[in-house]
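Participant: Provided below: structure-v4.pdb, containing PDB, C-alpha atoms.
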ATOM      1  CA  MET A   1       9.140  13.681 -23.643  1.00  0.00           C
ATOM      2  CA  ILE A   2      10.838  15.286 -20.616  1.00  0.00           C
ATOM      3  CA  ASP A   3      12.677  13.139 -18.033  1.00  0.00           C
ATOM      4  CA  GLU A   4      11.770   9.942 -19.822  1.00  0.00           C
ATOM      5  CA  ARG A   5      11.703   6.794 -17.698  1.00  0.00           C
ATOM      6  CA  ARG A   6      11.596   3.283 -19.091  1.00  0.00           C
ATOM      7  CA  VAL A   7      10.024   0.196 -17.559  1.00  0.00           C
ATOM      8  CA  PRO A   8      10.762  -3.135 -19.274  1.00  0.00           C
ATOM      9  CA  ILE A   9       7.610  -5.268 -19.435  1.00  0.00           C
ATOM     10  CA  ASP A  10       7.798  -9.032 -19.640  1.00  0.00           C
ATOM     11  CA  ARG A  11       5.729 -10.441 -16.810  1.00  0.00           C
ATOM     12  CA  ASP A  12       2.684  -9.519 -14.758  1.00  0.00           C
ATOM     13  CA  VAL A  13       4.601  -7.883 -11.885  1.00  0.00           C
ATOM     14  CA  ASP A  14       6.021  -5.340 -14.374  1.00  0.00           C
ATOM     15  CA  ILE A  15       2.471  -4.112 -15.004  1.00  0.00           C
ATOM     16  CA  VAL A  16       2.267  -3.070 -11.340  1.00  0.00           C
ATOM     17  CA  THR A  17       5.733  -1.443 -11.467  1.00  0.00           C
ATOM     18  CA  ALA A  18       4.821   0.580 -14.564  1.00  0.00           C
ATOM     19  CA  ARG A  19       1.521   1.881 -13.219  1.00  0.00           C
ATOM     20  CA  GLN A  20       3.024   2.774  -9.839  1.00  0.00           C
ATOM     21  CA  LEU A  21       5.839   4.737 -11.496  1.00  0.00           C
ATOM     22  CA  GLY A  22       3.272   6.375 -13.759  1.00  0.00           C
ATOM     23  CA  ARG A  23       1.253   7.500 -10.761  1.00  0.00           C
ATOM     24  CA  GLU A  24       4.392   8.974  -9.141  1.00  0.00           C
ATOM     25  CA  LEU A  25       5.410  10.831 -12.298  1.00  0.00           C
ATOM     26  CA  ALA A  26       1.874  12.127 -12.787  1.00  0.00           C
ATOM     27  CA  ALA A  27       1.864  13.457  -9.223  1.00  0.00           C
ATOM     28  CA  GLU A  28       5.244  15.145  -9.850  1.00  0.00           C
ATOM     29  CA  ALA A  29       3.774  16.656 -13.020  1.00  0.00           C
ATOM     30  CA  GLY A  30       1.018  18.241 -10.930  1.00  0.00           C
ATOM     31  CA  PHE A  31      -1.888  15.841 -11.467  1.00  0.00           C
ATOM     32  CA  THR A  32      -4.101  15.244  -8.440  1.00  0.00           C
ATOM     33  CA  GLY A  33      -7.059  13.200  -7.239  1.00  0.00           C
ATOM     34  CA  SER A  34      -8.809  10.801  -9.569  1.00  0.00           C
ATOM     35  CA  ASP A  35      -6.601  11.831 -12.531  1.00  0.00           C
ATOM     36  CA  LEU A  36      -3.740   9.904 -10.874  1.00  0.00           C
ATOM     37  CA  THR A  37      -5.884   6.776 -10.737  1.00  0.00           C
ATOM     38  CA  LEU A  38      -7.141   7.216 -14.315  1.00  0.00           C
ATOM     39  CA  ILE A  39      -3.547   7.524 -15.584  1.00  0.00           C
ATOM     40  CA  ALA A  40      -2.331   4.523 -13.542  1.00  0.00           C
ATOM     41  CA  THR A  41      -5.277   2.431 -14.769  1.00  0.00           C
ATOM     42  CA  ALA A  42      -4.639   3.341 -18.421  1.00  0.00           C
ATOM     43  CA  ILE A  43      -0.969   2.351 -18.002  1.00  0.00           C
ATOM     44  CA  SER A  44      -2.083  -0.949 -16.462  1.00  0.00           C
ATOM     45  CA  GLU A  45      -4.254  -1.713 -19.507  1.00  0.00           C
ATOM     46  CA  VAL A  46      -1.590  -1.002 -22.146  1.00  0.00           C
ATOM     47  CA  ALA A  47       1.108  -2.793 -20.124  1.00  0.00           C
ATOM     48  CA  ARG A  48      -1.090  -5.879 -19.828  1.00  0.00           C
ATOM     49  CA  ASN A  49      -1.664  -5.800 -23.555  1.00  0.00           C
ATOM     50  CA  ILE A  50       2.102  -6.171 -23.983  1.00  0.00           C
ATOM     51  CA  VAL A  51       2.279  -9.142 -21.575  1.00  0.00           C
ATOM     52  CA  VAL A  52      -0.732 -10.919 -23.077  1.00  0.00           C
ATOM     53  CA  TYR A  53      -0.130 -10.351 -26.792  1.00  0.00           C
ATOM     54  CA  ALA A  54       3.557  -9.524 -27.278  1.00  0.00           C
ATOM     55  CA  GLU A  55       5.107 -11.205 -24.211  1.00  0.00           C
ATOM     56  CA  ARG A  56       7.642  -8.401 -23.841  1.00  0.00           C
ATOM     57  CA  GLY A  57       8.108  -4.740 -24.557  1.00  0.00           C
ATOM     58  CA  GLU A  58       8.502  -1.525 -22.629  1.00  0.00           C
ATOM     59  CA  ILE A  59       6.599   1.401 -21.201  1.00  0.00           C
ATOM     60  CA  ARG A  60       8.148   4.861 -21.555  1.00  0.00           C
ATOM     61  CA  LEU A  61       6.836   7.578 -19.276  1.00  0.00           C
ATOM     62  CA  GLY A  62       7.551  11.269 -18.978  1.00  0.00           C
ATOM     63  CA  ARG A  63       6.244  14.790 -18.756  1.00  0.00           C
ATOM     64  CA  THR A  64       5.294  16.628 -21.911  1.00  0.00           C
ATOM     65  CA  ASP A  65       4.116  20.081 -22.929  1.00  0.00           C
ATOM     66  CA  ARG A  66       2.406  21.630 -25.905  1.00  0.00           C
ATOM     67  CA  ASN A  67       1.351  25.239 -26.401  1.00  0.00           C
ATOM     68  CA  GLY A  68       2.004  25.977 -22.758  1.00  0.00           C
ATOM     69  CA  ARG A  69      -0.054  23.031 -21.500  1.00  0.00           C
ATOM     70  CA  GLU A  70       1.656  20.453 -19.346  1.00  0.00           C
ATOM     71  CA  GLY A  71       0.849  16.800 -19.185  1.00  0.00           C
ATOM     72  CA  ILE A  72       2.106  13.265 -19.079  1.00  0.00           C
ATOM     73  CA  GLU A  73       2.984  11.018 -22.000  1.00  0.00           C
ATOM     74  CA  VAL A  74       2.910   7.230 -21.921  1.00  0.00           C
ATOM     75  CA  VAL A  75       4.323   5.094 -24.725  1.00  0.00           C
ATOM     76  CA  ALA A  76       3.769   1.323 -24.759  1.00  0.00           C
ATOM     77  CA  ALA A  77       6.001  -0.321 -27.340  1.00  0.00           C
ATOM     78  CA  ASP A  78       6.480  -3.949 -28.276  1.00  0.00           C
ATOM     79  CA  GLU A  79       7.843  -6.047 -31.098  1.00  0.00           C
ATOM     80  CA  GLY A  80       5.024  -8.553 -30.882  1.00  0.00           C
ATOM     81  CA  PRO A  81       2.714  -9.914 -33.592  1.00  0.00           C
ATOM     82  CA  GLY A  82       1.062  -6.548 -34.284  1.00  0.00           C
ATOM     83  CA  ILE A  83      -2.654  -5.858 -34.656  1.00  0.00           C
ATOM     84  CA  PRO A  84      -4.151  -6.753 -38.062  1.00  0.00           C
ATOM     85  CA  ASP A  85      -7.308  -4.658 -37.643  1.00  0.00           C
ATOM     86  CA  ILE A  86      -6.862  -1.684 -35.315  1.00  0.00           C
ATOM     87  CA  GLN A  87     -10.417  -0.443 -35.788  1.00  0.00           C
ATOM     88  CA  GLN A  88     -11.698  -3.795 -34.584  1.00  0.00           C
ATOM     89  CA  ALA A  89      -9.212  -3.892 -31.681  1.00  0.00           C
ATOM     90  CA  MET A  90     -10.468  -0.489 -30.532  1.00  0.00           C
ATOM     91  CA  GLN A  91     -14.070  -1.681 -30.292  1.00  0.00           C
ATOM     92  CA  ASP A  92     -15.453  -2.420 -26.849  1.00  0.00           C
ATOM     93  CA  GLY A  93     -15.679  -6.123 -26.246  1.00  0.00           C
ATOM     94  CA  PHE A  94     -13.422  -7.246 -29.061  1.00  0.00           C
ATOM     95  CA  SER A  95     -10.683  -9.598 -27.909  1.00  0.00           C
ATOM     96  CA  THR A  96      -8.521 -12.317 -29.398  1.00  0.00           C
ATOM     97  CA  GLY A  97      -6.836 -12.999 -26.049  1.00  0.00           C
ATOM     98  CA  ARG A  98      -8.139 -13.893 -22.638  1.00  0.00           C
ATOM     99  CA  SER A  99      -9.656 -10.549 -21.805  1.00  0.00           C
ATOM    100  CA  LEU A 100     -12.854  -8.547 -21.829  1.00  0.00           C
ATOM    101  CA  GLY A 101     -11.661  -6.589 -24.818  1.00  0.00           C
ATOM    102  CA  LEU A 102     -11.896  -3.383 -22.822  1.00  0.00           C
ATOM    103  CA  GLY A 103      -8.161  -2.779 -22.462  1.00  0.00           C
ATOM    104  CA  LEU A 104      -7.350  -0.501 -25.392  1.00  0.00           C
ATOM    105  CA  PRO A 105     -10.728   1.220 -25.778  1.00  0.00           C
ATOM    106  CA  GLY A 106     -10.793   1.649 -21.982  1.00  0.00           C
ATOM    107  CA  ALA A 107      -7.330   3.208 -21.919  1.00  0.00           C
ATOM    108  CA  ARG A 108      -8.399   5.586 -24.685  1.00  0.00           C
ATOM    109  CA  ARG A 109     -11.353   6.770 -22.608  1.00  0.00           C
ATOM    110  CA  LEU A 110      -9.168   7.324 -19.536  1.00  0.00           C
ATOM    111  CA  MET A 111      -6.648   9.543 -21.355  1.00  0.00           C
ATOM    112  CA  ASP A 112      -7.018  12.737 -23.459  1.00  0.00           C
ATOM    113  CA  GLU A 113      -5.070  11.531 -26.482  1.00  0.00           C
ATOM    114  CA  PHE A 114      -4.528   8.038 -27.787  1.00  0.00           C
ATOM    115  CA  GLU A 115      -2.637   6.981 -30.898  1.00  0.00           C
ATOM    116  CA  ILE A 116      -1.850   3.486 -32.015  1.00  0.00           C
ATOM    117  CA  VAL A 117       0.541   2.379 -34.735  1.00  0.00           C
ATOM    118  CA  SER A 118       0.846  -1.316 -35.467  1.00  0.00           C
ATOM    119  CA  GLU A 119       2.380  -3.440 -38.160  1.00  0.00           C
ATOM    120  CA  VAL A 120       1.731  -7.163 -38.421  1.00  0.00           C
ATOM    121  CA  GLY A 121       4.911  -9.074 -37.634  1.00  0.00           C
ATOM    122  CA  LYS A 122       6.710  -5.921 -36.470  1.00  0.00           C
ATOM    123  CA  GLY A 123       4.963  -4.741 -33.340  1.00  0.00           C
ATOM    124  CA  THR A 124       2.723  -2.111 -31.804  1.00  0.00           C
ATOM    125  CA  VAL A 125       3.309   1.353 -30.364  1.00  0.00           C
ATOM    126  CA  VAL A 126       0.587   3.027 -28.314  1.00  0.00           C
ATOM    127  CA  THR A 127       1.100   6.696 -27.384  1.00  0.00           C
ATOM    128  CA  MET A 128      -1.219   8.278 -24.821  1.00  0.00           C
ATOM    129  CA  ARG A 129      -1.255  11.737 -23.283  1.00  0.00           C
ATOM    130  CA  LYS A 130      -3.221  13.403 -20.553  1.00  0.00           C
ATOM    131  CA  TRP A 131      -3.173  17.163 -20.023  1.00  0.00           C
ATOM    132  CA  ARG A 132      -3.322  18.842 -16.682  1.00  0.00           C
ATOM    133  CA  PRO A 133      -6.612  20.603 -16.060  1.00  0.00           C
TER     134      PRO A 133
ATOM    135  CA  MET B   1       1.987 -11.276  -2.367  1.00  0.00           C
ATOM    136  CA  SER B   2      -0.765 -13.630  -1.331  1.00  0.00           C
ATOM    137  CA  VAL B   3      -3.972 -12.370   0.234  1.00  0.00           C
ATOM    138  CA  PRO B   4      -4.752 -13.427   3.822  1.00  0.00           C
ATOM    139  CA  ILE B   5      -8.135 -15.122   4.114  1.00  0.00           C
ATOM    140  CA  LEU B   6      -9.736 -15.051   7.568  1.00  0.00           C
ATOM    141  CA  LYS B   7     -12.592 -17.275   8.669  1.00  0.00           C
ATOM    142  CA  GLN B   8     -15.251 -15.689  10.840  1.00  0.00           C
ATOM    143  CA  GLY B   9     -18.132 -18.042  11.509  1.00  0.00           C
ATOM    144  CA  ASP B  10     -19.510 -19.083   8.130  1.00  0.00           C
ATOM    145  CA  VAL B  11     -17.939 -16.089   6.372  1.00  0.00           C
ATOM    146  CA  LEU B  12     -14.532 -15.805   4.706  1.00  0.00           C
ATOM    147  CA  ILE B  13     -12.862 -12.390   4.649  1.00  0.00           C
ATOM    148  CA  ALA B  14     -10.200 -11.821   1.995  1.00  0.00           C
ATOM    149  CA  SER B  15      -8.362  -8.710   3.016  1.00  0.00           C
ATOM    150  CA  ILE B  16      -6.174  -7.402   0.201  1.00  0.00           C
ATOM    151  CA  GLN B  17      -3.117  -5.694   1.698  1.00  0.00           C
ATOM    152  CA  SER B  18      -1.322  -4.182  -1.303  1.00  0.00           C
ATOM    153  CA  ALA B  19      -1.249  -4.015  -5.087  1.00  0.00           C
ATOM    154  CA  LEU B  20      -1.770  -7.453  -6.611  1.00  0.00           C
ATOM    155  CA  THR B  21      -0.292  -8.972  -9.738  1.00  0.00           C
ATOM    156  CA  ASP B  22      -2.483 -10.914 -12.151  1.00  0.00           C
ATOM    157  CA  ARG B  23      -1.105 -14.135 -10.712  1.00  0.00           C
ATOM    158  CA  ASP B  24      -1.967 -13.050  -7.139  1.00  0.00           C
ATOM    159  CA  LEU B  25      -5.553 -12.380  -8.230  1.00  0.00           C
ATOM    160  CA  LEU B  26      -5.887 -15.773  -9.905  1.00  0.00           C
ATOM    161  CA  GLN B  27      -4.438 -17.429  -6.804  1.00  0.00           C
ATOM    162  CA  LEU B  28      -7.022 -15.625  -4.662  1.00  0.00           C
ATOM    163  CA  LYS B  29      -9.776 -16.990  -6.908  1.00  0.00           C
ATOM    164  CA  ASP B  30      -8.513 -20.566  -6.570  1.00  0.00           C
ATOM    165  CA  GLU B  31      -8.039 -20.303  -2.808  1.00  0.00           C
ATOM    166  CA  LEU B  32     -11.482 -18.833  -2.187  1.00  0.00           C
ATOM    167  CA  ALA B  33     -13.229 -21.429  -4.351  1.00  0.00           C
ATOM    168  CA  GLU B  34     -11.401 -24.188  -2.482  1.00  0.00           C
ATOM    169  CA  LYS B  35     -11.853 -22.742   1.036  1.00  0.00           C
ATOM    170  CA  VAL B  36     -15.561 -22.059   0.559  1.00  0.00           C
ATOM    171  CA  GLY B  37     -16.081 -25.791   0.109  1.00  0.00           C
ATOM    172  CA  ARG B  38     -13.625 -27.040   2.689  1.00  0.00           C
ATOM    173  CA  LEU B  39     -14.773 -24.635   5.421  1.00  0.00           C
ATOM    174  CA  ARG B  40     -18.475 -24.804   4.454  1.00  0.00           C
ATOM    175  CA  SER B  41     -18.654 -21.017   4.148  1.00  0.00           C
ATOM    176  CA  ARG B  42     -21.868 -19.265   3.166  1.00  0.00           C
ATOM    177  CA  GLY B  43     -20.408 -15.854   2.457  1.00  0.00           C
ATOM    178  CA  VAL B  44     -17.261 -14.153   1.198  1.00  0.00           C
ATOM    179  CA  VAL B  45     -16.150 -10.558   1.752  1.00  0.00           C
ATOM    180  CA  ILE B  46     -13.414  -9.212  -0.510  1.00  0.00           C
ATOM    181  CA  ASP B  47     -11.889  -6.054   0.938  1.00  0.00           C
ATOM    182  CA  VAL B  48     -10.315  -4.017  -1.873  1.00  0.00           C
ATOM    183  CA  THR B  49      -9.631  -0.876   0.212  1.00  0.00           C
ATOM    184  CA  ALA B  50      -5.874  -1.229  -0.429  1.00  0.00           C
ATOM    185  CA  LEU B  51      -6.241  -1.401  -4.220  1.00  0.00           C
ATOM    186  CA  ASP B  52      -5.352   1.934  -5.806  1.00  0.00           C
ATOM    187  CA  VAL B  53      -6.032   0.546  -9.286  1.00  0.00           C
ATOM    188  CA  MET B  54      -8.715  -1.874 -10.456  1.00  0.00           C
ATOM    189  CA  ASP B  55      -8.221  -2.430 -14.149  1.00  0.00           C
ATOM    190  CA  SER B  56     -10.198  -4.668 -16.493  1.00  0.00           C
ATOM    191  CA  PHE B  57      -8.305  -7.798 -15.423  1.00  0.00           C
ATOM    192  CA  ALA B  58      -8.825  -7.215 -11.689  1.00  0.00           C
ATOM    193  CA  THR B  59     -12.499  -6.453 -12.225  1.00  0.00           C
ATOM    194  CA  ARG B  60     -13.024  -9.513 -14.388  1.00  0.00           C
ATOM    195  CA  THR B  61     -11.274 -11.720 -11.821  1.00  0.00           C
ATOM    196  CA  ILE B  62     -13.394 -10.374  -8.957  1.00  0.00           C
ATOM    197  CA  ARG B  63     -16.540 -11.007 -11.008  1.00  0.00           C
ATOM    198  CA  SER B  64     -15.380 -14.514 -11.663  1.00  0.00           C
ATOM    199  CA  ILE B  65     -14.598 -15.072  -7.965  1.00  0.00           C
ATOM    200  CA  ALA B  66     -18.172 -14.060  -7.139  1.00  0.00           C
ATOM    201  CA  ALA B  67     -19.551 -16.396  -9.814  1.00  0.00           C
ATOM    202  CA  ALA B  68     -17.348 -19.331  -8.780  1.00  0.00           C
ATOM    203  CA  THR B  69     -18.062 -19.002  -5.056  1.00  0.00           C
ATOM    204  CA  ARG B  70     -21.790 -18.755  -5.796  1.00  0.00           C
ATOM    205  CA  LEU B  71     -21.578 -22.068  -7.634  1.00  0.00           C
ATOM    206  CA  ARG B  72     -19.936 -23.401  -4.474  1.00  0.00           C
ATOM    207  CA  GLY B  73     -22.850 -22.161  -2.371  1.00  0.00           C
ATOM    208  CA  ALA B  74     -21.549 -18.844  -1.031  1.00  0.00           C
ATOM    209  CA  GLU B  75     -22.442 -15.192  -1.682  1.00  0.00           C
ATOM    210  CA  THR B  76     -19.792 -12.503  -2.226  1.00  0.00           C
ATOM    211  CA  VAL B  77     -19.712  -8.850  -1.188  1.00  0.00           C
ATOM    212  CA  VAL B  78     -16.966  -6.505  -2.400  1.00  0.00           C
ATOM    213  CA  VAL B  79     -16.113  -3.751   0.074  1.00  0.00           C
ATOM    214  CA  GLY B  80     -13.890  -0.684   0.098  1.00  0.00           C
ATOM    215  CA  ILE B  81     -13.793   0.369  -3.560  1.00  0.00           C
ATOM    216  CA  GLN B  82     -11.984   3.719  -3.374  1.00  0.00           C
ATOM    217  CA  PRO B  83     -13.750   6.778  -4.856  1.00  0.00           C
ATOM    218  CA  GLU B  84     -11.053   7.340  -7.517  1.00  0.00           C
ATOM    219  CA  VAL B  85     -11.188   3.645  -8.422  1.00  0.00           C
ATOM    220  CA  ALA B  86     -14.976   3.839  -8.772  1.00  0.00           C
ATOM    221  CA  ILE B  87     -14.604   6.780 -11.174  1.00  0.00           C
ATOM    222  CA  ALA B  88     -11.982   4.901 -13.214  1.00  0.00           C
ATOM    223  CA  LEU B  89     -14.212   1.801 -13.426  1.00  0.00           C
ATOM    224  CA  VAL B  90     -17.089   3.866 -14.786  1.00  0.00           C
ATOM    225  CA  GLU B  91     -14.806   5.530 -17.356  1.00  0.00           C
ATOM    226  CA  LEU B  92     -13.478   2.119 -18.396  1.00  0.00           C
ATOM    227  CA  GLY B  93     -17.033   0.901 -18.909  1.00  0.00           C
ATOM    228  CA  LEU B  94     -16.704  -1.757 -16.234  1.00  0.00           C
ATOM    229  CA  THR B  95     -19.399  -2.695 -13.795  1.00  0.00           C
ATOM    230  CA  LEU B  96     -19.816  -5.181 -10.995  1.00  0.00           C
ATOM    231  CA  ASP B  97     -23.423  -5.895 -11.971  1.00  0.00           C
ATOM    232  CA  GLY B  98     -25.011  -8.587  -9.861  1.00  0.00           C
ATOM    233  CA  ILE B  99     -22.325  -8.357  -7.186  1.00  0.00           C
ATOM    234  CA  ALA B 100     -23.168  -6.813  -3.838  1.00  0.00           C
ATOM    235  CA  THR B 101     -20.890  -3.962  -2.754  1.00  0.00           C
ATOM    236  CA  ALA B 102     -20.554  -1.979   0.448  1.00  0.00           C
ATOM    237  CA  LEU B 103     -18.538   0.956   1.705  1.00  0.00           C
ATOM    238  CA  ASP B 104     -16.495  -0.891   4.313  1.00  0.00           C
ATOM    239  CA  LEU B 105     -16.072  -4.225   6.049  1.00  0.00           C
ATOM    240  CA  GLU B 106     -18.655  -3.544   8.769  1.00  0.00           C
ATOM    241  CA  GLU B 107     -21.341  -2.589   6.281  1.00  0.00           C
ATOM    242  CA  GLY B 108     -20.269  -5.447   4.021  1.00  0.00           C
ATOM    243  CA  LEU B 109     -20.925  -8.006   6.739  1.00  0.00           C
ATOM    244  CA  ASP B 110     -24.421  -6.536   7.241  1.00  0.00           C
ATOM    245  CA  VAL B 111     -25.101  -6.708   3.508  1.00  0.00           C
ATOM    246  CA  LEU B 112     -23.826 -10.270   3.419  1.00  0.00           C
ATOM    247  CA  VAL B 113     -26.272 -11.358   6.137  1.00  0.00           C
ATOM    248  CA  GLU B 114     -29.138  -9.909   4.061  1.00  0.00           C
ATOM    249  CA  VAL B 115     -27.919 -11.526   0.844  1.00  0.00           C
ATOM    250  CA  MET B 116     -27.442 -14.893   2.564  1.00  0.00           C
ATOM    251  CA  GLU B 117     -30.936 -14.739   4.066  1.00  0.00           C
ATOM    252  CA  ALA B 118     -32.471 -13.806   0.722  1.00  0.00           C
ATOM    253  CA  ARG B 119     -30.749 -16.784  -0.869  1.00  0.00           C
ATOM    254  CA  ARG B 120     -31.975 -19.117   1.860  1.00  0.00           C
ATOM    255  CA  ARG B 121     -35.557 -17.924   1.276  1.00  0.00           C
ATOM    256  CA  ASP B 122     -35.200 -18.581  -2.474  1.00  0.00           C
ATOM    257  CA  ARG B 123     -34.392 -22.230  -1.930  1.00  0.00           C
TER     258      ARG B 123
END
As structure tokens, how would this structure be written, given the file I've shared?

Facilitator:
Amino acid sequence: MIDERRVPIDRDVDIVTARQLGRELAAEAGFTGSDLTLIATAISEVARNIVVYAERGEIRLGRTDRNGREGIEVVAADEGPGIPDIQQAMQDGFSTGRSLGLGLPGARRLMDEFEIVSEVGKGTVVTMRKWRP
Amino acid sequence: MSVPILKQGDVLIASIQSALTDRDLLQLKDELAEKVGRLRSRGVVIDVTALDVMDSFATRTIRSIAAATRLRGAETVVVGIQPEVAIALVELGLTLDGIATALDLEEGLDVLVEVMEARRRDR
């Protein structure tokens, strides 16, 4: 990740801070129009997941490139309870918290790449990327 | 950042001014449900023009505001959903089914009059 920025997440106002910074970085990286909103919304979903399920964690944001393509990378990391069944968590409408269960699957649809690594009792790391058109 | 709620006749207008935290949204829900009863309002307009992001939590809370105020005897219209926000909502798989929407406040008030009349006829 290039020019990585970190936003600590432990209460609801941090969700807003993270998505606003994400929008700014995406604009600096050359994204325009609705892509900025899609990126900010995806950040909002993964940041809320931290607040609701892990209580605290952090969002790391930065530019990235691969094979000459430029984009933005978002990492949401926490040391919370972890997700026992990732496949289930990625299904629309599945939720163990107080949500619609659209957070993670929604974020995946908004971004180009979405990876999730989770270990029960250790925590969860979500890595998302979006490439500039 | 609390949301100012204006009373205009039998309509309440909640005019969101800036990005809202989850807590702000929940507070808006409580205030609208309470005010609708206390002020005997028949309609609610929620102006979301200033929201640059509506994620699943915001959308769920707005749906629940509409449901709660309906149980308290008032209809809700959501106005000012930005074009980029509309695209993001569709991508997220979120809808505001059953909730009236309009482009801006002026049109929203017109829609509200129609919705309120339709409800009166149904009684």

Participant: Evaluating the ChimeraX specification (/A :<12) & /B on the displayed file yields which residues, as a PDB file with C-alpha atoms, keeping the file's coordinate frame?

Facilitator:
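To be explicit, this is the file written out as expr.pdb:
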ATOM      1  CA  MET B   1       1.987 -11.276  -2.367  1.00  0.00           C
ATOM      2  CA  SER B  18      -1.322  -4.182  -1.303  1.00  0.00           C
ATOM      3  CA  ALA B  19      -1.249  -4.015  -5.087  1.00  0.00           C
ATOM      4  CA  LEU B  20      -1.770  -7.453  -6.611  1.00  0.00           C
ATOM      5  CA  THR B  21      -0.292  -8.972  -9.738  1.00  0.00           C
ATOM      6  CA  ASP B  22      -2.483 -10.914 -12.151  1.00  0.00           C
ATOM      7  CA  ARG B  23      -1.105 -14.135 -10.712  1.00  0.00           C
ATOM      8  CA  ASP B  24      -1.967 -13.050  -7.139  1.00  0.00           C
ATOM      9  CA  LEU B  25      -5.553 -12.380  -8.230  1.00  0.00           C
ATOM     10  CA  LEU B  26      -5.887 -15.773  -9.905  1.00  0.00           C
ATOM     11  CA  LEU B  51      -6.241  -1.401  -4.220  1.00  0.00           C
ATOM     12  CA  ASP B  52      -5.352   1.934  -5.806  1.00  0.00           C
ATOM     13  CA  VAL B  53      -6.032   0.546  -9.286  1.00  0.00           C
ATOM     14  CA  MET B  54      -8.715  -1.874 -10.456  1.00  0.00           C
ATOM     15  CA  ASP B  55      -8.221  -2.430 -14.149  1.00  0.00           C
ATOM     16  CA  SER B  56     -10.198  -4.668 -16.493  1.00  0.00           C
ATOM     17  CA  PHE B  57      -8.305  -7.798 -15.423  1.00  0.00           C
ATOM     18  CA  ALA B  58      -8.825  -7.215 -11.689  1.00  0.00           C
ATOM     19  CA  THR B  59     -12.499  -6.453 -12.225  1.00  0.00           C
ATOM     20  CA  ARG B  60     -13.024  -9.513 -14.388  1.00  0.00           C
ATOM     21  CA  THR B  61     -11.274 -11.720 -11.821  1.00  0.00           C
ATOM     22  CA  ARG B  63     -16.540 -11.007 -11.008  1.00  0.00           C
ATOM     23  CA  GLN B  82     -11.984   3.719  -3.374  1.00  0.00           C
ATOM     24  CA  PRO B  83     -13.750   6.778  -4.856  1.00  0.00           C
ATOM     25  CA  GLU B  84     -11.053   7.340  -7.517  1.00  0.00           C
ATOM     26  CA  VAL B  85     -11.188   3.645  -8.422  1.00  0.00           C
ATOM     27  CA  ALA B  86     -14.976   3.839  -8.772  1.00  0.00           C
ATOM     28  CA  ILE B  87     -14.604   6.780 -11.174  1.00  0.00           C
ATOM     29  CA  ALA B  88     -11.982   4.901 -13.214  1.00  0.00           C
ATOM     30  CA  LEU B  89     -14.212   1.801 -13.426  1.00  0.00           C
ATOM     31  CA  VAL B  90     -17.089   3.866 -14.786  1.00  0.00           C
ATOM     32  CA  GLU B  91     -14.806   5.530 -17.356  1.00  0.00           C
ATOM     33  CA  LEU B  92     -13.478   2.119 -18.396  1.00  0.00           C
ATOM     34  CA  GLY B  93     -17.033   0.901 -18.909  1.00  0.00           C
ATOM     35  CA  LEU B  94     -16.704  -1.757 -16.234  1.00  0.00           C
ATOM     36  CA  THR B  95     -19.399  -2.695 -13.795  1.00  0.00           C
TER      37      THR B  95
END

Participant: Please expand the PyMOL selection byres ((chain A and resi 129) around 6) into the concrete residues it hits in this file, giving the result as a list in words.

Facilitator: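 Output of the PyMOL selection byres ((chain A and resi 129) around 6): Ile72, Glu73, Asp112, Glu113, Met128 and Lys130 of chain A.
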
Participant: Have a look at B:Ala33, B:Asp122, B:Ala67, B:Met116 and name the one nearest to Asp97 (chain B); count all atoms listed in the file.

Facilitator: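 For Asp97 (chain B), the nearest of the candidates is B:Ala67.
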
Participant: Which is closer to Thr49 (chain B) than all the others in B:Ser15, B:Thr76, B:Thr101, B:Gln8, using only C-alpha atoms?

Facilitator: B:Ser15

Participant: Quick one: distance from CA of Pro4 (chain B) to CA of Val36 (chain B) in Å, one decimal?

Facilitator: 14.2 Å
